[in-house]
$ cat input_0.csv   # CSV, C-alpha atoms
chain,number,residue,atom,x,y,z
Q,135,MET,CA,-0.2,-36.4,136.7
Q,136,ASN,CA,3.4,-37.5,136.5
Q,137,LYS,CA,2.4,-40.5,134.4
Q,138,ARG,CA,0.8,-38.3,131.8
Q,139,LEU,CA,3.8,-36.1,131.6
Q,140,LEU,CA,6.0,-39.1,131.3
Q,141,THR,CA,3.9,-40.7,128.6
Q,142,ALA,CA,3.9,-37.4,126.6
Q,143,ALA,CA,7.6,-37.1,126.9
Q,144,THR,CA,8.1,-40.6,125.7
Q,145,VAL,CA,5.8,-40.1,122.7
Q,146,ALA,CA,7.7,-36.9,121.8
Q,147,ALA,CA,11.0,-38.6,122.1
Q,148,LEU,CA,9.9,-41.5,119.9
Q,149,CYS,CA,8.5,-39.0,117.3
Q,150,ALA,CA,11.8,-37.2,117.3
Q,151,LEU,CA,13.7,-40.4,116.6
Q,152,ALA,CA,11.3,-41.5,113.9
Q,153,LEU,CA,11.4,-38.2,111.9
Q,154,PRO,CA,15.0,-38.4,110.6
Q,155,ALA,CA,14.4,-41.9,109.3
Q,156,VAL,CA,11.2,-40.9,107.5
Q,157,ALA,CA,12.8,-37.8,106.1
Q,158,ALA,CA,15.9,-39.7,104.9
Q,159,ALA,CA,13.9,-42.2,103.1
Q,160,PRO,CA,12.6,-39.9,100.4
Q,161,GLU,CA,16.1,-38.6,99.7
Q,162,ALA,CA,17.4,-42.1,99.0
Q,163,GLU,CA,14.6,-42.9,96.5
Q,164,LEU,CA,15.0,-39.7,94.3
Q,165,PRO,CA,16.3,-40.6,90.8
Q,166,ALA,CA,19.6,-39.4,89.5
Q,167,PRO,CA,19.5,-35.9,88.0
Q,168,VAL,CA,18.9,-35.9,84.1
Q,169,PRO,CA,20.6,-33.3,81.9
Q,170,PRO,CA,18.1,-30.9,80.2
Q,171,VAL,CA,17.2,-31.7,76.6
Q,172,PRO,CA,18.8,-29.1,74.2
Q,173,GLN,CA,16.2,-26.9,72.5
Q,174,LEU,CA,16.5,-25.9,68.8
Q,175,ALA,CA,17.4,-22.3,68.3
Q,176,LYS,CA,14.5,-20.3,67.2
Q,177,ARG,CA,14.9,-17.9,64.2
Q,178,PRO,CA,14.0,-14.4,64.9
Q,179,ALA,CA,10.7,-13.5,63.5
Q,180,LYS,CA,10.8,-11.5,60.2
Q,181,PRO,CA,9.8,-7.9,60.7
Q,182,VAL,CA,6.3,-7.3,59.4
Q,183,ALA,CA,6.4,-5.0,56.4
Q,184,SER,CA,5.1,-1.7,57.3
Q,185,GLU,CA,2.2,-0.3,55.4
Q,186,PRO,CA,3.1,2.1,52.6
Q,187,GLN,CA,2.9,5.7,53.7
Q,188,ALA,CA,0.2,7.7,52.1
Q,189,ALA,CA,1.5,10.2,49.4
Q,190,PRO,CA,1.6,13.8,50.5
Q,191,LEU,CA,-1.2,15.9,49.3
Q,192,ILE,CA,0.9,17.9,46.8
Q,193,PRO,CA,-0.5,18.3,43.3
Q,194,PRO,CA,1.7,16.7,40.6
Q,195,VAL,CA,3.9,19.0,38.5
Q,196,PRO,CA,2.5,19.2,34.9
Q,197,GLN,CA,4.7,17.6,32.3
Q,198,PRO,CA,5.2,19.0,28.9
Q,199,ALA,CA,3.1,17.3,26.2
Q,200,VAL,CA,5.0,14.7,24.2
Q,201,ARG,CA,4.5,15.2,20.5
Q,202,PRO,CA,3.5,12.1,18.7
Q,203,GLN,CA,6.0,10.8,16.2
Q,204,ARG,CA,5.3,11.6,12.7
Q,205,LEU,CA,4.4,8.7,10.5
Q,206,ALA,CA,6.8,7.9,7.8
Q,207,ALA,CA,5.7,9.2,4.4
Q,208,LEU,CA,3.6,6.5,2.8
Q,209,PRO,CA,4.3,5.7,-0.9
Q,210,ALA,CA,2.0,7.5,-3.1
Q,211,GLU,CA,-0.7,5.3,-4.6
Q,212,PRO,CA,-0.4,4.9,-8.4
Q,213,GLU,CA,-2.7,7.2,-10.2
Q,214,LEU,CA,-5.7,5.5,-11.7
Q,215,ALA,CA,-6.5,6.2,-15.3
Q,216,PRO,CA,-9.5,8.6,-15.7
Q,217,LEU,CA,-12.8,7.0,-16.4
Q,218,VAL,CA,-13.5,9.4,-19.3
Q,219,PRO,CA,-10.8,9.4,-22.0
Q,220,PRO,CA,-9.4,12.9,-22.6
Q,221,VAL,CA,-10.6,14.8,-25.6
Q,222,PRO,CA,-7.9,14.8,-28.3
Q,223,GLN,CA,-6.5,18.2,-29.0
Q,224,LEU,CA,-5.8,19.4,-32.5
Q,225,ALA,CA,-2.1,19.6,-33.2
Q,226,ILE,CA,-0.9,23.2,-33.8
Q,227,ARG,CA,0.7,23.3,-37.2
Q,228,PRO,CA,4.0,25.2,-37.3
Q,229,PRO,CA,4.2,28.0,-39.9
Q,230,ARG,CA,5.3,26.7,-43.2
Q,231,ARG,CA,8.3,28.1,-45.0
Q,232,ASP,CA,6.8,29.4,-48.3
Q,233,SER,CA,8.5,30.7,-51.4
Q,234,ARG,CA,8.6,34.2,-50.0
Q,235,SER,CA,10.5,33.0,-46.9
Q,236,ASP,CA,13.0,31.3,-49.3
Q,237,ARG,CA,13.5,34.6,-51.2
Q,238,LEU,CA,14.0,36.5,-47.9
Q,239,ARG,CA,16.7,34.2,-46.7
Q,240,ALA,CA,18.7,34.2,-49.9
Q,241,CYS,CA,20.0,37.7,-49.2
Q,242,LEU,CA,21.3,37.0,-45.7
Q,243,LYS,CA,25.0,36.9,-44.9
Q,244,PRO,CA,26.3,33.4,-44.1
Q,245,GLU,CA,26.4,34.1,-40.3
Q,246,ALA,CA,22.8,35.2,-40.2
Q,247,ARG,CA,21.7,32.3,-42.5
Q,248,ALA,CA,23.6,29.8,-40.2
Q,249,LEU,CA,21.7,31.3,-37.2
Q,250,LEU,CA,18.4,30.8,-38.9
Q,251,ASP,CA,19.3,27.2,-39.8
Q,252,ARG,CA,20.2,26.5,-36.2
Q,253,ILE,CA,16.8,27.8,-35.0
Q,254,GLU,CA,14.8,25.8,-37.6
Q,255,ALA,CA,16.9,22.7,-36.9
Q,256,GLU,CA,15.8,22.9,-33.2
Q,257,PHE,CA,12.1,24.0,-33.7
Q,258,GLY,CA,11.1,23.5,-37.3
Q,259,PRO,CA,10.4,25.9,-40.1
Q,260,MET,CA,9.7,29.5,-39.2
Q,261,GLU,CA,7.7,32.1,-41.1
Q,262,ILE,CA,10.2,34.8,-42.2
Q,263,VAL,CA,8.8,38.3,-41.8
Q,264,SER,CA,11.7,40.5,-42.8
Q,265,THR,CA,15.4,40.1,-43.6
Q,266,CYS,CA,17.3,42.4,-45.9
Q,267,ARG,CA,16.0,46.0,-46.2
Q,268,PRO,CA,18.5,48.2,-48.0
Q,269,GLY,CA,18.8,51.6,-46.3
Q,270,ALA,CA,16.9,50.5,-43.2
Q,271,ARG,CA,17.6,52.6,-40.1
Q,272,ILE,CA,16.8,52.2,-36.4
Q,273,ALA,CA,13.8,54.4,-35.5
Q,274,GLY,CA,14.6,57.2,-33.1
Q,275,THR,CA,18.4,56.9,-33.5
Q,276,GLY,CA,19.1,57.2,-37.2
Q,277,ARG,CA,21.7,54.4,-37.1
Q,278,ILE,CA,21.8,51.9,-39.9
Q,279,SER,CA,19.9,48.7,-39.0
Q,280,LYS,CA,21.3,45.2,-39.2
Q,281,HIS,CA,18.5,44.6,-41.7
Q,282,ALA,CA,20.3,46.9,-44.2
Q,283,THR,CA,23.4,44.7,-44.2
Q,284,GLY,CA,21.6,41.3,-44.3
Q,285,GLU,CA,22.6,40.5,-40.7
Q,286,ALA,CA,19.1,40.5,-39.1
Q,287,ILE,CA,16.0,38.3,-39.3
Q,288,ASP,CA,12.5,38.9,-38.1
Q,289,PHE,CA,10.4,35.7,-37.9
Q,290,ASN,CA,7.1,34.4,-36.5
Q,291,ALA,CA,7.4,31.3,-34.2
Q,292,GLY,CA,3.6,31.0,-33.5
Q,293,SER,CA,2.8,29.1,-30.3
Q,294,ARG,CA,6.6,28.3,-29.9
Q,295,LYS,CA,7.6,31.9,-29.3
Q,296,ARG,CA,8.3,31.6,-25.6
Q,297,VAL,CA,10.4,28.4,-25.9
Q,298,VAL,CA,12.3,29.8,-28.9
Q,299,VAL,CA,13.1,33.0,-27.0
Q,300,GLN,CA,14.3,31.0,-24.0
Q,301,TRP,CA,16.5,28.9,-26.2
Q,302,LEU,CA,18.0,32.0,-27.9
Q,303,ILE,CA,18.8,33.6,-24.6
Q,304,ALA,CA,20.6,30.5,-23.5
Q,305,ASN,CA,22.4,29.6,-26.8
Q,306,HIS,CA,22.7,32.7,-29.0
Q,307,LYS,CA,25.7,34.6,-27.7
Q,308,ALA,CA,27.0,36.0,-31.0
Q,309,GLY,CA,24.3,38.6,-31.6
Q,310,GLY,CA,21.1,40.1,-30.4
Q,311,THR,CA,17.6,38.7,-29.4
Q,312,MET,CA,14.7,41.1,-29.3
Q,313,THR,CA,10.9,40.8,-28.9
Q,314,TYR,CA,8.4,43.7,-29.2
Q,315,ALA,CA,5.6,44.9,-27.1
Q,316,ASP,CA,3.4,45.8,-30.1
Q,317,MET,CA,4.4,43.0,-32.5
Q,318,SER,CA,4.4,39.2,-32.4
Q,319,HIS,CA,7.6,38.3,-34.2
Q,320,ILE,CA,11.1,37.7,-32.9
Q,321,HIS,CA,14.2,39.7,-34.0
Q,322,VAL,CA,17.6,38.1,-34.1
Q,323,ASP,CA,20.9,39.4,-35.6
Q,324,VAL,CA,24.6,38.7,-35.6
Q,325,GLY,CA,27.2,40.9,-34.1
Q,326,ALA,CA,27.3,42.4,-30.5
Q,327,HIS,CA,25.4,40.3,-28.0
Q,328,PHE,CA,22.3,41.8,-26.3
Q,329,VAL,CA,18.8,40.7,-25.1
Q,330,ALA,CA,15.9,43.1,-25.2
Q,331,LEU,CA,12.4,41.8,-24.4
Q,332,ASN,CA,9.1,43.7,-25.0
Q,333,ALA,CA,10.8,46.6,-26.7
Q,334,TYR,CA,9.1,49.0,-29.0
Q,335,SER,CA,9.4,48.3,-32.8
Q,336,GLY,CA,11.7,50.3,-34.9
Q,337,ARG,CA,15.0,48.3,-34.9
$ encode --input "input_0.csv" --output "structure tokens"
Amino acid sequence: MNKRLLTAATVAALCALALPAVAAAPEAELPAPVPPVPQLAKRPAKPVASEPQAAPLIPPVPQPAVRPQRLAALPAEPELAPLVPPVPQLAIRPPRRDSRSDRLRACLKPEARALLDRIEAEFGPMEIVSTCRPGARIAGTGRISKHATGEAIDFNAGSRKRVVVQWLIANHKAGGTMTYADMSHIHVDVGAHFVALNAYSGR
């Protein structure tokens, strides 16, 4: 009994002596500490783009219509000649100054004759209807007519009547110009200026 105890105690003492030596050995064999390897800095991750938000369910405001720009005026195309040639029109012959017209102008005063010469120089010969009428009076008034003194002329202008009257209104300021509603001729005289269109005959 005592031997067993003694043997166990001896074994325990030997184990106790051996443990520090075994434990110390690993500490002596450990390698020297190595500094950690520096790591590269990591860039922060880019934020992920968020999905576009859906448009609100509001109807769009109507916009006023935009007028289209007007096209610039295009140059007119040249007119083409007609396929059918026009029918030639007969020229209207102006009234001829006959021997009677020459006699009627001979009695005129110089101012009246000069007025007739101006008219015929502008439009050609006129058919003299009446000039000097001794004792002639204006119908309805009893006043002496310009025809009685050789200061008035009645003449036919034919198809030129309208343009002759227009010319007289614009250019004859030293006397009167008159047309009649019931007669085709033109009356002109020298003296006071007046214009009377479509009057009744009698002057």
$ atom_distance --input "input_0.csv" --atom1 "CA of Val324 in chain Q" --atom2 "CA of Glu285 in chain Q"
5.8 Å
$ closest_residue --input "input_0.csv" --among "Q:His306, Q:His281, Q:His321, Q:Arg177" --to "Lys243 in chain Q" --atoms "all atoms listed in the file"
Q:His281
$ residues_around --input "input_0.csv" --residues "Gly269 in chain Q" --least-positions-apart "3" --cutoff "9 Å" --atoms "only C-alpha atoms" --output "list in words"
Ile278, Ser279, His281, Ala282 and Thr283 of chain Q
$ atom_distance --input "input_0.csv" --atom1 "CA of Ala273 in chain Q" --atom2 "CA of Met317 in chain Q"
15.1 Å
$ closest_residue --input "input_0.csv" --among "Q:Cys266, Q:Ala308, Q:Ala286, Q:Val297" --to "Arg237 in chain Q" --atoms "only C-alpha atoms"
Q:Cys266
$ closest_residue --input "input_0.csv" --among "Q:Val299, Q:Val263, Q:Ala326, Q:Ala333" --to "Tyr314 in chain Q" --atoms "all atoms listed in the file"
Q:Ala333
$ atom_distance --input "input_0.csv" --atom1 "CA of Asp316 in chain Q" --atom2 "CA of Ala255 in chain Q"
27.6 Å
$ decode --input "input_0.csv" --residues "range 239-253 of chain Q" --atoms "N, CA and C atoms" --output "PDB file, in the first residue's frame"
ATOM      1  N   ARG Q 239     -65.499 126.342-137.398  1.00  0.00           N
ATOM      2  CA  ARG Q 239     -64.416 126.810-136.538  1.00  0.00           C
ATOM      3  C   ARG Q 239     -63.922 128.194-136.941  1.00  0.00           C
ATOM      4  N   ALA Q 240     -64.217 128.611-138.125  1.00  0.00           N
ATOM      5  CA  ALA Q 240     -63.693 129.890-138.615  1.00  0.00           C
ATOM      6  C   ALA Q 240     -64.254 131.068-137.833  1.00  0.00           C
ATOM      7  N   CYS Q 241     -65.445 130.922-137.251  1.00  0.00           N
ATOM      8  CA  CYS Q 241     -66.065 132.048-136.550  1.00  0.00           C
ATOM      9  C   CYS Q 241     -65.679 132.120-135.078  1.00  0.00           C
ATOM     10  N   LEU Q 242     -64.934 131.189-134.592  1.00  0.00           N
ATOM     11  CA  LEU Q 242     -64.598 131.141-133.171  1.00  0.00           C
ATOM     12  C   LEU Q 242     -63.629 132.245-132.792  1.00  0.00           C
ATOM     13  N   LYS Q 243     -63.734 132.700-131.557  1.00  0.00           N
ATOM     14  CA  LYS Q 243     -62.755 133.622-131.018  1.00  0.00           C
ATOM     15  C   LYS Q 243     -61.429 132.891-130.840  1.00  0.00           C
ATOM     16  N   PRO Q 244     -60.304 133.600-130.816  1.00  0.00           N
ATOM     17  CA  PRO Q 244     -58.991 132.938-130.730  1.00  0.00           C
ATOM     18  C   PRO Q 244     -58.866 132.001-129.527  1.00  0.00           C
ATOM     19  N   GLU Q 245     -59.414 132.396-128.381  1.00  0.00           N
ATOM     20  CA  GLU Q 245     -59.291 131.532-127.197  1.00  0.00           C
ATOM     21  C   GLU Q 245     -60.026 130.205-127.401  1.00  0.00           C
ATOM     22  N   ALA Q 246     -61.205 130.269-128.012  1.00  0.00           N
ATOM     23  CA  ALA Q 246     -61.983 129.044-128.247  1.00  0.00           C
ATOM     24  C   ALA Q 246     -61.308 128.184-129.309  1.00  0.00           C
ATOM     25  N   ARG Q 247     -60.772 128.835-130.364  1.00  0.00           N
ATOM     26  CA  ARG Q 247     -60.087 128.077-131.406  1.00  0.00           C
ATOM     27  C   ARG Q 247     -58.835 127.410-130.836  1.00  0.00           C
ATOM     28  N   ALA Q 248     -58.106 128.113-129.949  1.00  0.00           N
ATOM     29  CA  ALA Q 248     -56.915 127.513-129.336  1.00  0.00           C
ATOM     30  C   ALA Q 248     -57.289 126.306-128.470  1.00  0.00           C
ATOM     31  N   LEU Q 249     -58.434 126.380-127.776  1.00  0.00           N
ATOM     32  CA  LEU Q 249     -58.887 125.236-126.975  1.00  0.00           C
ATOM     33  C   LEU Q 249     -59.192 124.042-127.864  1.00  0.00           C
ATOM     34  N   LEU Q 250     -59.879 124.268-128.987  1.00  0.00           N
ATOM     35  CA  LEU Q 250     -60.176 123.164-129.906  1.00  0.00           C
ATOM     36  C   LEU Q 250     -58.892 122.581-130.491  1.00  0.00           C
ATOM     37  N   ASP Q 251     -57.923 123.448-130.804  1.00  0.00           N
ATOM     38  CA  ASP Q 251     -56.642 122.943-131.332  1.00  0.00           C
ATOM     39  C   ASP Q 251     -55.942 122.052-130.303  1.00  0.00           C
ATOM     40  N   ARG Q 252     -56.008 122.427-129.025  1.00  0.00           N
ATOM     41  CA  ARG Q 252     -55.390 121.591-127.976  1.00  0.00           C
ATOM     42  C   ARG Q 252     -56.054 120.225-127.896  1.00  0.00           C
ATOM     43  N   ILE Q 253     -57.381 120.211-128.000  1.00  0.00           N
ATOM     44  CA  ILE Q 253     -58.111 118.941-127.912  1.00  0.00           C
ATOM     45  C   ILE Q 253     -57.742 118.050-129.094  1.00  0.00           C
TER      46      ILE Q 253
END
